[in-house]
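Engineer: Enclosed is the structure file query05.pdb (PDB, C-alpha atoms and all ligand atoms).
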```pdb
ATOM      1  CA  MET K 913    -166.329  61.511-167.079  1.00  0.00           C
ATOM      2  CA  ALA K 914    -165.893  64.720-165.038  1.00  0.00           C
ATOM      3  CA  ALA K 915    -168.881  66.132-163.125  1.00  0.00           C
ATOM      4  CA  TYR K 916    -170.592  69.160-164.645  1.00  0.00           C
ATOM      5  CA  ASP K 917    -170.713  72.353-162.547  1.00  0.00           C
ATOM      6  CA  ARG K 918    -173.805  74.364-163.542  1.00  0.00           C
ATOM      7  CA  ASP K 919    -172.122  77.527-162.243  1.00  0.00           C
ATOM      8  CA  ASN K 920    -169.057  77.334-164.458  1.00  0.00           C
ATOM      9  CA  ILE K 921    -168.284  80.532-166.348  1.00  0.00           C
ATOM     10  CA  PHE K 922    -169.585  79.357-169.746  1.00  0.00           C
ATOM     11  CA  ALA K 923    -172.838  78.109-168.184  1.00  0.00           C
ATOM     12  CA  LYS K 924    -173.235  81.665-166.878  1.00  0.00           C
ATOM     13  CA  VAL K 925    -172.507  83.065-170.356  1.00  0.00           C
ATOM     14  CA  LEU K 926    -175.206  80.736-171.752  1.00  0.00           C
ATOM     15  CA  ARG K 927    -177.696  81.963-169.140  1.00  0.00           C
ATOM     16  CA  GLY K 928    -176.828  85.583-169.980  1.00  0.00           C
ATOM     17  CA  LYS K 929    -175.404  86.187-166.488  1.00  0.00           C
ATOM     18  CA  ILE K 930    -171.998  87.076-167.938  1.00  0.00           C
ATOM     19  CA  PRO K 931    -171.724  89.133-171.148  1.00  0.00           C
ATOM     20  CA  CYS K 932    -169.850  87.956-174.215  1.00  0.00           C
ATOM     21  CA  HIS K 933    -168.877  89.257-177.645  1.00  0.00           C
ATOM     22  CA  LYS K 934    -171.300  87.010-179.491  1.00  0.00           C
ATOM     23  CA  LEU K 935    -170.535  85.873-183.037  1.00  0.00           C
ATOM     24  CA  TYR K 936    -173.182  83.242-183.700  1.00  0.00           C
ATOM     25  CA  GLU K 937    -175.935  81.333-181.904  1.00  0.00           C
ATOM     26  CA  ASP K 938    -178.342  78.552-182.776  1.00  0.00           C
ATOM     27  CA  ASP K 939    -180.418  76.048-180.770  1.00  0.00           C
ATOM     28  CA  ASP K 940    -177.403  73.907-179.893  1.00  0.00           C
ATOM     29  CA  THR K 941    -174.353  76.149-179.875  1.00  0.00           C
ATOM     30  CA  LEU K 942    -173.020  79.601-179.048  1.00  0.00           C
ATOM     31  CA  ALA K 943    -169.850  81.190-180.453  1.00  0.00           C
ATOM     32  CA  PHE K 944    -168.127  84.215-178.944  1.00  0.00           C
ATOM     33  CA  LEU K 945    -164.670  85.804-178.699  1.00  0.00           C
ATOM     34  CA  ASP K 946    -162.154  84.602-176.122  1.00  0.00           C
ATOM     35  CA  ILE K 947    -161.527  87.452-173.661  1.00  0.00           C
ATOM     36  CA  MET K 948    -157.821  86.558-173.493  1.00  0.00           C
ATOM     37  CA  PRO K 949    -157.204  85.991-177.197  1.00  0.00           C
ATOM     38  CA  ARG K 950    -154.051  84.267-178.346  1.00  0.00           C
ATOM     39  CA  THR K 951    -154.465  85.951-181.748  1.00  0.00           C
ATOM     40  CA  ASP K 952    -156.885  88.502-183.201  1.00  0.00           C
ATOM     41  CA  GLY K 953    -160.202  86.711-183.804  1.00  0.00           C
ATOM     42  CA  HIS K 954    -159.604  83.893-181.279  1.00  0.00           C
ATOM     43  CA  ALA K 955    -163.109  82.496-180.793  1.00  0.00           C
ATOM     44  CA  LEU K 956    -164.773  79.780-178.740  1.00  0.00           C
ATOM     45  CA  VAL K 957    -167.660  77.597-179.840  1.00  0.00           C
ATOM     46  CA  ILE K 958    -169.561  76.033-176.953  1.00  0.00           C
ATOM     47  CA  THR K 959    -172.308  73.448-176.779  1.00  0.00           C
ATOM     48  CA  LYS K 960    -175.568  74.174-175.011  1.00  0.00           C
ATOM     49  CA  GLU K 961    -175.500  70.650-173.550  1.00  0.00           C
ATOM     50  CA  PRO K 962    -174.285  70.490-169.935  1.00  0.00           C
ATOM     51  CA  ALA K 963    -171.096  68.687-170.966  1.00  0.00           C
ATOM     52  CA  PRO K 964    -167.833  69.310-169.094  1.00  0.00           C
ATOM     53  CA  ASP K 965    -165.653  67.948-171.889  1.00  0.00           C
ATOM     54  CA  LEU K 966    -165.544  65.911-175.107  1.00  0.00           C
ATOM     55  CA  PHE K 967    -166.539  62.759-173.241  1.00  0.00           C
ATOM     56  CA  GLY K 968    -169.720  64.195-171.738  1.00  0.00           C
ATOM     57  CA  ILE K 969    -171.551  65.263-174.902  1.00  0.00           C
ATOM     58  CA  SER K 970    -173.945  63.220-177.034  1.00  0.00           C
ATOM     59  CA  PRO K 971    -172.692  62.168-180.486  1.00  0.00           C
ATOM     60  CA  GLU K 972    -175.447  64.318-182.034  1.00  0.00           C
ATOM     61  CA  GLY K 973    -174.432  67.346-179.963  1.00  0.00           C
ATOM     62  CA  LEU K 974    -170.786  66.846-180.899  1.00  0.00           C
ATOM     63  CA  ALA K 975    -171.665  66.661-184.594  1.00  0.00           C
ATOM     64  CA  LYS K 976    -173.603  69.929-184.299  1.00  0.00           C
ATOM     65  CA  LEU K 977    -170.784  71.616-182.375  1.00  0.00           C
ATOM     66  CA  MET K 978    -168.158  70.575-184.910  1.00  0.00           C
ATOM     67  CA  GLY K 979    -170.480  71.534-187.768  1.00  0.00           C
ATOM     68  CA  VAL K 980    -170.547  75.072-186.405  1.00  0.00           C
ATOM     69  CA  VAL K 981    -166.750  75.054-185.963  1.00  0.00           C
ATOM     70  CA  GLN K 982    -166.403  73.966-189.609  1.00  0.00           C
ATOM     71  CA  LYS K 983    -168.804  76.681-190.768  1.00  0.00           C
ATOM     72  CA  LEU K 984    -167.407  79.541-188.682  1.00  0.00           C
ATOM     73  CA  ALA K 985    -163.650  78.952-188.888  1.00  0.00           C
ATOM     74  CA  PRO K 986    -163.233  80.077-192.531  1.00  0.00           C
ATOM     75  CA  LYS K 987    -165.445  83.114-191.924  1.00  0.00           C
ATOM     76  CA  ILE K 988    -163.338  84.145-188.920  1.00  0.00           C
ATOM     77  CA  LYS K 989    -160.161  83.525-190.918  1.00  0.00           C
ATOM     78  CA  ASN K 990    -161.391  85.758-193.747  1.00  0.00           C
ATOM     79  CA  ALA K 991    -162.704  88.451-191.398  1.00  0.00           C
ATOM     80  CA  VAL K 992    -159.320  88.975-189.715  1.00  0.00           C
ATOM     81  CA  GLY K 993    -157.218  88.327-192.841  1.00  0.00           C
ATOM     82  CA  ALA K 994    -155.510  85.214-191.457  1.00  0.00           C
ATOM     83  CA  ASP K 995    -153.654  82.553-193.469  1.00  0.00           C
ATOM     84  CA  GLY K 996    -154.683  79.482-191.477  1.00  0.00           C
ATOM     85  CA  VAL K 997    -156.769  78.367-188.515  1.00  0.00           C
ATOM     86  CA  LEU K 998    -155.781  76.349-185.458  1.00  0.00           C
ATOM     87  CA  ILE K 999    -158.631  74.308-183.929  1.00  0.00           C
ATOM     88  CA  GLN K1000    -157.897  73.380-180.300  1.00  0.00           C
ATOM     89  CA  GLN K1001    -159.836  71.542-177.591  1.00  0.00           C
ATOM     90  CA  PHE K1002    -158.641  70.520-174.092  1.00  0.00           C
ATOM     91  CA  ASN K1003    -159.971  67.780-171.790  1.00  0.00           C
ATOM     92  CA  GLY K1004    -159.052  67.884-168.101  1.00  0.00           C
ATOM     93  CA  ALA K1005    -156.829  70.218-166.102  1.00  0.00           C
ATOM     94  CA  ALA K1006    -153.791  68.084-166.860  1.00  0.00           C
ATOM     95  CA  ALA K1007    -154.390  68.721-170.560  1.00  0.00           C
ATOM     96  CA  GLY K1008    -154.718  72.479-170.057  1.00  0.00           C
ATOM     97  CA  GLN K1009    -158.502  72.802-169.674  1.00  0.00           C
ATOM     98  CA  THR K1010    -159.461  75.690-167.391  1.00  0.00           C
ATOM     99  CA  VAL K1011    -163.213  76.037-168.051  1.00  0.00           C
ATOM    100  CA  PHE K1012    -165.088  72.782-167.570  1.00  0.00           C
ATOM    101  CA  HIS K1013    -167.819  73.282-170.136  1.00  0.00           C
ATOM    102  CA  LEU K1014    -167.012  71.751-173.519  1.00  0.00           C
ATOM    103  CA  HIS K1015    -165.653  74.349-175.925  1.00  0.00           C
ATOM    104  CA  VAL K1016    -163.604  74.417-179.102  1.00  0.00           C
ATOM    105  CA  HIS K1017    -161.043  77.145-179.800  1.00  0.00           C
ATOM    106  CA  ILE K1018    -160.877  78.685-183.273  1.00  0.00           C
ATOM    107  CA  ILE K1019    -157.527  80.494-183.476  1.00  0.00           C
ATOM    108  CA  PRO K1020    -156.749  82.319-186.729  1.00  0.00           C
ATOM    109  CA  ARG K1021    -153.039  82.268-187.601  1.00  0.00           C
ATOM    110  CA  LYS K1022    -151.055  84.643-189.799  1.00  0.00           C
ATOM    111  CA  GLU K1023    -147.883  83.592-191.563  1.00  0.00           C
ATOM    112  CA  GLY K1024    -144.854  84.599-189.474  1.00  0.00           C
ATOM    113  CA  VAL K1025    -146.914  85.971-186.536  1.00  0.00           C
ATOM    114  CA  SER K1026    -146.479  84.078-183.281  1.00  0.00           C
ATOM    115  CA  MET K1027    -149.345  83.199-180.984  1.00  0.00           C
ATOM    116  CA  GLY K1028    -149.658  84.728-177.502  1.00  0.00           C
ATOM    117  CA  ARG K1029    -149.601  82.491-174.419  1.00  0.00           C
ATOM    118  CA  GLU K1030    -152.940  81.134-173.165  1.00  0.00           C
ATOM    119  CA  GLY K1031    -154.489  83.464-170.569  1.00  0.00           C
ATOM    120  CA  ALA K1032    -151.614  85.946-170.948  1.00  0.00           C
ATOM    121  CA  LYS K1033    -153.734  89.092-170.957  1.00  0.00           C
ATOM    122  CA  MET K1034    -157.274  90.406-171.161  1.00  0.00           C
ATOM    123  CA  ALA K1035    -158.057  92.090-174.462  1.00  0.00           C
ATOM    124  CA  ASP K1036    -159.262  95.671-174.678  1.00  0.00           C
ATOM    125  CA  PRO K1037    -163.102  95.431-174.755  1.00  0.00           C
ATOM    126  CA  ASP K1038    -163.322  97.984-177.596  1.00  0.00           C
ATOM    127  CA  ALA K1039    -160.872  95.974-179.693  1.00  0.00           C
ATOM    128  CA  LEU K1040    -162.888  92.789-179.018  1.00  0.00           C
ATOM    129  CA  ALA K1041    -166.117  94.561-179.962  1.00  0.00           C
ATOM    130  CA  ALA K1042    -164.566  95.767-183.244  1.00  0.00           C
ATOM    131  CA  THR K1043    -163.292  92.276-184.099  1.00  0.00           C
ATOM    132  CA  ALA K1044    -166.659  90.702-183.241  1.00  0.00           C
ATOM    133  CA  GLU K1045    -168.404  93.183-185.513  1.00  0.00           C
ATOM    134  CA  LYS K1046    -166.040  92.386-188.406  1.00  0.00           C
ATOM    135  CA  ILE K1047    -166.714  88.662-187.958  1.00  0.00           C
ATOM    136  CA  ARG K1048    -170.493  89.104-187.717  1.00  0.00           C
ATOM    137  CA  ASP K1049    -170.355  91.229-190.907  1.00  0.00           C
ATOM    138  CA  GLN K1050    -168.464  88.425-192.656  1.00  0.00           C
ATOM    139  CA  ILE K1051    -171.040  85.840-191.510  1.00  0.00           C
ATOM    140  CA  HIS K1052    -173.849  88.124-192.651  1.00  0.00           C
ATOM    141  CA  SER K1053    -172.326  88.887-196.046  1.00  0.00           C
ATOM    142  CA  ASP K1054    -171.661  85.168-196.672  1.00  0.00           C
ATOM    143  CA  GLU K1055    -175.328  84.489-195.855  1.00  0.00           C
ATOM    144  CA  ILE K1056    -176.450  87.193-198.270  1.00  0.00           C
ATOM    145  CA  ARG K1057    -174.254  85.692-200.993  1.00  0.00           C
ATOM    146  CA  GLY K1058    -175.766  82.289-200.109  1.00  0.00           C
ATOM    147  CA  GLU K1059    -172.379  80.583-199.801  1.00  0.00           C
ATOM    148  CA  ALA K1060    -172.176  77.057-198.402  1.00  0.00           C
ATOM    149  CA  GLY K1061    -169.542  78.313-195.962  1.00  0.00           C
ATOM    150  CA  HIS K1062    -166.574  76.197-197.009  1.00  0.00           C
ATOM    151  CA  GLY K1063    -163.341  78.126-197.639  1.00  0.00           C
TER     152      GLY K1063
HETATM  153  P1  LIG J1101    -159.420  76.127-171.910  1.00  0.00           P
HETATM  154  O1  LIG J1101    -160.352  75.642-170.838  1.00  0.00           O
HETATM  155  O2  LIG J1101    -157.977  76.003-171.546  1.00  0.00           O
HETATM  156  O3  LIG J1101    -159.705  75.503-173.250  1.00  0.00           O
HETATM  157  O4  LIG J1101    -159.621  77.677-172.108  1.00  0.00           O
HETATM  158  C1  LIG J1101    -160.673  78.444-171.648  1.00  0.00           C
HETATM  159  C2  LIG J1101    -160.638  79.736-172.422  1.00  0.00           C
HETATM  160  O5  LIG J1101    -161.739  80.515-172.004  1.00  0.00           O
HETATM  161  C3  LIG J1101    -159.378  80.578-172.218  1.00  0.00           C
HETATM  162  O6  LIG J1101    -158.790  80.814-173.492  1.00  0.00           O
HETATM  163  C4  LIG J1101    -159.903  81.864-171.580  1.00  0.00           C
HETATM  164  O7  LIG J1101    -159.212  82.997-172.029  1.00  0.00           O
HETATM  165  C5  LIG J1101    -161.349  81.868-172.012  1.00  0.00           C
HETATM  166  N1  LIG J1101    -162.294  82.557-171.144  1.00  0.00           N
HETATM  167  C6  LIG J1101    -162.395  82.475-169.802  1.00  0.00           C
HETATM  168  N2  LIG J1101    -163.423  83.215-169.360  1.00  0.00           N
HETATM  169  C7  LIG J1101    -164.007  83.770-170.451  1.00  0.00           C
HETATM  170  C8  LIG J1101    -165.124  84.641-170.665  1.00  0.00           C
HETATM  171  N3  LIG J1101    -165.866  85.102-169.659  1.00  0.00           N
HETATM  172  N4  LIG J1101    -165.411  85.007-171.933  1.00  0.00           N
HETATM  173  C9  LIG J1101    -164.663  84.568-172.976  1.00  0.00           C
HETATM  174  N5  LIG J1101    -163.615  83.742-172.836  1.00  0.00           N
HETATM  175  C10 LIG J1101    -163.280  83.349-171.606  1.00  0.00           C
END
```
Can the structure in the file be given as structure tokens, please?
Ligand code: AMP

Structural biologist:
Amino acid sequence: MAAYDRDNIFAKVLRGKIPCHKLYEDDDTLAFLDIMPRTDGHALVITKEPAPDLFGISPEGLAKLMGVVQKLAPKIKNAVGADGVLIQQFNGAAAGQTVFHLHVHIIPRKEGVSMGREGAKMADPDALAATAEKIRDQIHSDEIRGEAGHG
């Protein structure tokens, strides 16, 4: 298993040292928008455990992380009017991982619209803020309607 660097960028986001466009938070996880989105609504769900990758997290922590991915993905998809959702997760530099704190990508996909390259460009902060607000509204309205969160 890779060593965990407590000063990695997502550890700093968790400590509030670096800002993020937050979508959701609970005791075990934090979800926020990717600053270099591959599509509109591209989000990351991270564990609060100091785990560098999939192999460094407890089974309980992984279940909680994936539970949040399962709950949020359809809400993000609906908020941005997507047709499908790509769930992606990288382990190790050779596999494409660039931030060594376990995270899962939620990437909404629209029929016929191609996905940008990873890390291609920083999004406009105002556009990210607007997307984050739309997604938080969707989460909130689902809560008000008391939906289970599937679909
Ligand atoms: P990877 O490690 O390849 O799964 O990807 C890390 C992702 O984190 C990339 O998609 C980056 O665009 C994204 N990223 C890097 N720094 C930040 C940050 N400060 N806030 C939000 N997303 C970030």

Engineer: For the file shown, report as JSON, numbers by chain the outcome of the PyMOL selection byres (((not hetatm)) within 9 of (chain J and resi 1101)) at residue level.

Structural biologist: {"K": [921, 922, 924, 925, 930, 931, 932, 933, 944, 945, 946, 947, 948, 949, 950, 954, 955, 956, 1000, 1001, 1002, 1003, 1004, 1005, 1007, 1008, 1009, 1010, 1011, 1012, 1013, 1014, 1015, 1016, 1017, 1030, 1031, 1032, 1033, 1034]}

Engineer: Could the residues in this selection be saved with C-alpha atoms as a PDB file, keeping the file's coordinate frame?

Structural biologist:
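Result file selection-v2.pdb:
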```
ATOM      1  CA  ILE K 921    -168.284  80.532-166.348  1.00  0.00           C
ATOM      2  CA  PHE K 922    -169.585  79.357-169.746  1.00  0.00           C
ATOM      3  CA  LYS K 924    -173.235  81.665-166.878  1.00  0.00           C
ATOM      4  CA  VAL K 925    -172.507  83.065-170.356  1.00  0.00           C
ATOM      5  CA  ILE K 930    -171.998  87.076-167.938  1.00  0.00           C
ATOM      6  CA  PRO K 931    -171.724  89.133-171.148  1.00  0.00           C
ATOM      7  CA  CYS K 932    -169.850  87.956-174.215  1.00  0.00           C
ATOM      8  CA  HIS K 933    -168.877  89.257-177.645  1.00  0.00           C
ATOM      9  CA  PHE K 944    -168.127  84.215-178.944  1.00  0.00           C
ATOM     10  CA  LEU K 945    -164.670  85.804-178.699  1.00  0.00           C
ATOM     11  CA  ASP K 946    -162.154  84.602-176.122  1.00  0.00           C
ATOM     12  CA  ILE K 947    -161.527  87.452-173.661  1.00  0.00           C
ATOM     13  CA  MET K 948    -157.821  86.558-173.493  1.00  0.00           C
ATOM     14  CA  PRO K 949    -157.204  85.991-177.197  1.00  0.00           C
ATOM     15  CA  ARG K 950    -154.051  84.267-178.346  1.00  0.00           C
ATOM     16  CA  HIS K 954    -159.604  83.893-181.279  1.00  0.00           C
ATOM     17  CA  ALA K 955    -163.109  82.496-180.793  1.00  0.00           C
ATOM     18  CA  LEU K 956    -164.773  79.780-178.740  1.00  0.00           C
ATOM     19  CA  GLN K1000    -157.897  73.380-180.300  1.00  0.00           C
ATOM     20  CA  GLN K1001    -159.836  71.542-177.591  1.00  0.00           C
ATOM     21  CA  PHE K1002    -158.641  70.520-174.092  1.00  0.00           C
ATOM     22  CA  ASN K1003    -159.971  67.780-171.790  1.00  0.00           C
ATOM     23  CA  GLY K1004    -159.052  67.884-168.101  1.00  0.00           C
ATOM     24  CA  ALA K1005    -156.829  70.218-166.102  1.00  0.00           C
ATOM     25  CA  ALA K1007    -154.390  68.721-170.560  1.00  0.00           C
ATOM     26  CA  GLY K1008    -154.718  72.479-170.057  1.00  0.00           C
ATOM     27  CA  GLN K1009    -158.502  72.802-169.674  1.00  0.00           C
ATOM     28  CA  THR K1010    -159.461  75.690-167.391  1.00  0.00           C
ATOM     29  CA  VAL K1011    -163.213  76.037-168.051  1.00  0.00           C
ATOM     30  CA  PHE K1012    -165.088  72.782-167.570  1.00  0.00           C
ATOM     31  CA  HIS K1013    -167.819  73.282-170.136  1.00  0.00           C
ATOM     32  CA  LEU K1014    -167.012  71.751-173.519  1.00  0.00           C
ATOM     33  CA  HIS K1015    -165.653  74.349-175.925  1.00  0.00           C
ATOM     34  CA  VAL K1016    -163.604  74.417-179.102  1.00  0.00           C
ATOM     35  CA  HIS K1017    -161.043  77.145-179.800  1.00  0.00           C
ATOM     36  CA  GLU K1030    -152.940  81.134-173.165  1.00  0.00           C
ATOM     37  CA  GLY K1031    -154.489  83.464-170.569  1.00  0.00           C
ATOM     38  CA  ALA K1032    -151.614  85.946-170.948  1.00  0.00           C
ATOM     39  CA  LYS K1033    -153.734  89.092-170.957  1.00  0.00           C
ATOM     40  CA  MET K1034    -157.274  90.406-171.161  1.00  0.00           C
TER      41      MET K1034
END
```

Engineer: Out of K:Leu974, K:Ile958, K:Ala1006, K:Ile1051, which residue has the shortest atom-to-atom distance to Ala991 (chain K) when counting all atoms listed in the file?

Structural biologist: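 The closest residue to Ala991 (chain K) is K:Ile1051.
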
Engineer: For the atom pair CA of Tyr916 (chain K) and CA of Lys934 (chain K), what is the interatomic distance in Å to one decimal place?

Structural biologist: 23.2 Å

Engineer: Give me the residues within 12 Å of Asn990 (chain K) as a PyMOL selection string, counting only C-alpha atoms and dropping any in the same chain fewer than 4 places off.

Structural biologist: chain K and resi 952-953+984-986+994-997+1020-1022+1043+1046-1051+1053-1054+1061-1063

Engineer: When you draw a straight line from CA of Glu1045 (chain K) to CA of Gly1024 (chain K), how long is it in Å?

Structural biologist: 25.4 Å

Engineer: Separation of CA of Asp917 (chain K) and CA of Pro964 (chain K), in Å?

Structural biologist: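 Here the two named atoms are 7.8 Å from each other.
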
Engineer: Report as a PyMOL selection string all protein, DNA and RNA residues lying within 8 Å of Leu926 (chain K), evaluated on only C-alpha atoms, omitting residues in the same chain fewer than 3 positions from it.

Structural biologist: chain K and resi 922-923+929+942+960

Engineer: Run the PyMOL selection byres (((chain K and resi 938) around 10) and not hetatm) on the file and write out the hits as a list in words.

Structural biologist: Tyr936, Glu937, Asp939, Asp940, Thr941, Leu942, Ala943, Thr959, Lys960, Lys976 and Val980 of chain K

Engineer: Using only C-alpha atoms, can you tell me which of K:Met1027, K:Ile1056, K:Ala1041, K:Ala915 comes closest to Phe967 (chain K)?

Structural biologist: K:Ala915

Engineer: Between K:Ala1042, K:Val957, K:Ala963, K:Met978, which one has atoms that come closest to Val992 (chain K), using only C-alpha atoms?

Structural biologist: K:Ala1042

Engineer: Under the rule that all atoms listed in the file are counted, which of K:Ile988, K:Gly993, K:His1052, K:Gly968 is the nearest residue to Glu1023 (chain K)?

Structural biologist: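 Closest candidate: K:Gly993.
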
Engineer: Please return region 947-960 of chain K, rebuilt to N, CA, C and O atoms, as a compact mmCIF listing (two decimals), in the frame of the given file.

Structural biologist:
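selection-v7.txt was written with the following content:
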```
# COMPACT_ATOMS: atom_id res chain seq x y z
N ILE K 947 -161.90 86.14 -174.24
CA ILE K 947 -161.53 87.45 -173.66
C ILE K 947 -160.01 87.60 -173.46
O ILE K 947 -159.53 88.70 -173.22
N MET K 948 -159.30 86.48 -173.55
CA MET K 948 -157.82 86.56 -173.49
C MET K 948 -157.28 85.92 -174.77
O MET K 948 -156.72 84.81 -174.76
N PRO K 949 -157.50 86.61 -175.90
CA PRO K 949 -157.20 85.99 -177.20
C PRO K 949 -155.73 85.73 -177.41
O PRO K 949 -154.89 86.56 -177.06
N ARG K 950 -155.45 84.59 -178.02
CA ARG K 950 -154.05 84.27 -178.35
C ARG K 950 -153.66 84.89 -179.68
O ARG K 950 -152.47 85.07 -179.96
N THR K 951 -154.68 85.19 -180.51
CA THR K 951 -154.46 85.95 -181.75
C THR K 951 -155.74 86.76 -181.98
O THR K 951 -156.77 86.46 -181.35
N ASP K 952 -155.68 87.72 -182.88
CA ASP K 952 -156.88 88.50 -183.20
C ASP K 952 -157.92 87.55 -183.83
O ASP K 952 -157.61 86.83 -184.77
N GLY K 953 -159.13 87.56 -183.27
CA GLY K 953 -160.20 86.71 -183.80
C GLY K 953 -160.36 85.39 -183.08
O GLY K 953 -161.23 84.59 -183.43
N HIS K 954 -159.52 85.14 -182.06
CA HIS K 954 -159.60 83.89 -181.28
C HIS K 954 -161.02 83.74 -180.72
O HIS K 954 -161.49 84.56 -179.93
N ALA K 955 -161.70 82.70 -181.16
CA ALA K 955 -163.11 82.50 -180.79
C ALA K 955 -163.30 81.15 -180.11
O ALA K 955 -162.45 80.25 -180.21
N LEU K 956 -164.40 81.03 -179.40
CA LEU K 956 -164.77 79.78 -178.74
C LEU K 956 -166.15 79.38 -179.23
O LEU K 956 -167.04 80.24 -179.34
N VAL K 957 -166.33 78.11 -179.52
CA VAL K 957 -167.66 77.60 -179.84
C VAL K 957 -168.03 76.64 -178.72
O VAL K 957 -167.26 75.71 -178.42
N ILE K 958 -169.17 76.88 -178.08
CA ILE K 958 -169.56 76.03 -176.95
C ILE K 958 -170.89 75.35 -177.26
O ILE K 958 -171.74 75.87 -177.99
N THR K 959 -171.05 74.18 -176.67
CA THR K 959 -172.31 73.45 -176.78
C THR K 959 -173.30 73.99 -175.75
O THR K 959 -172.88 74.53 -174.73
N LYS K 960 -174.57 73.82 -176.03
CA LYS K 960 -175.57 74.17 -175.01
C LYS K 960 -175.90 72.97 -174.13
O LYS K 960 -176.66 73.11 -173.18
```
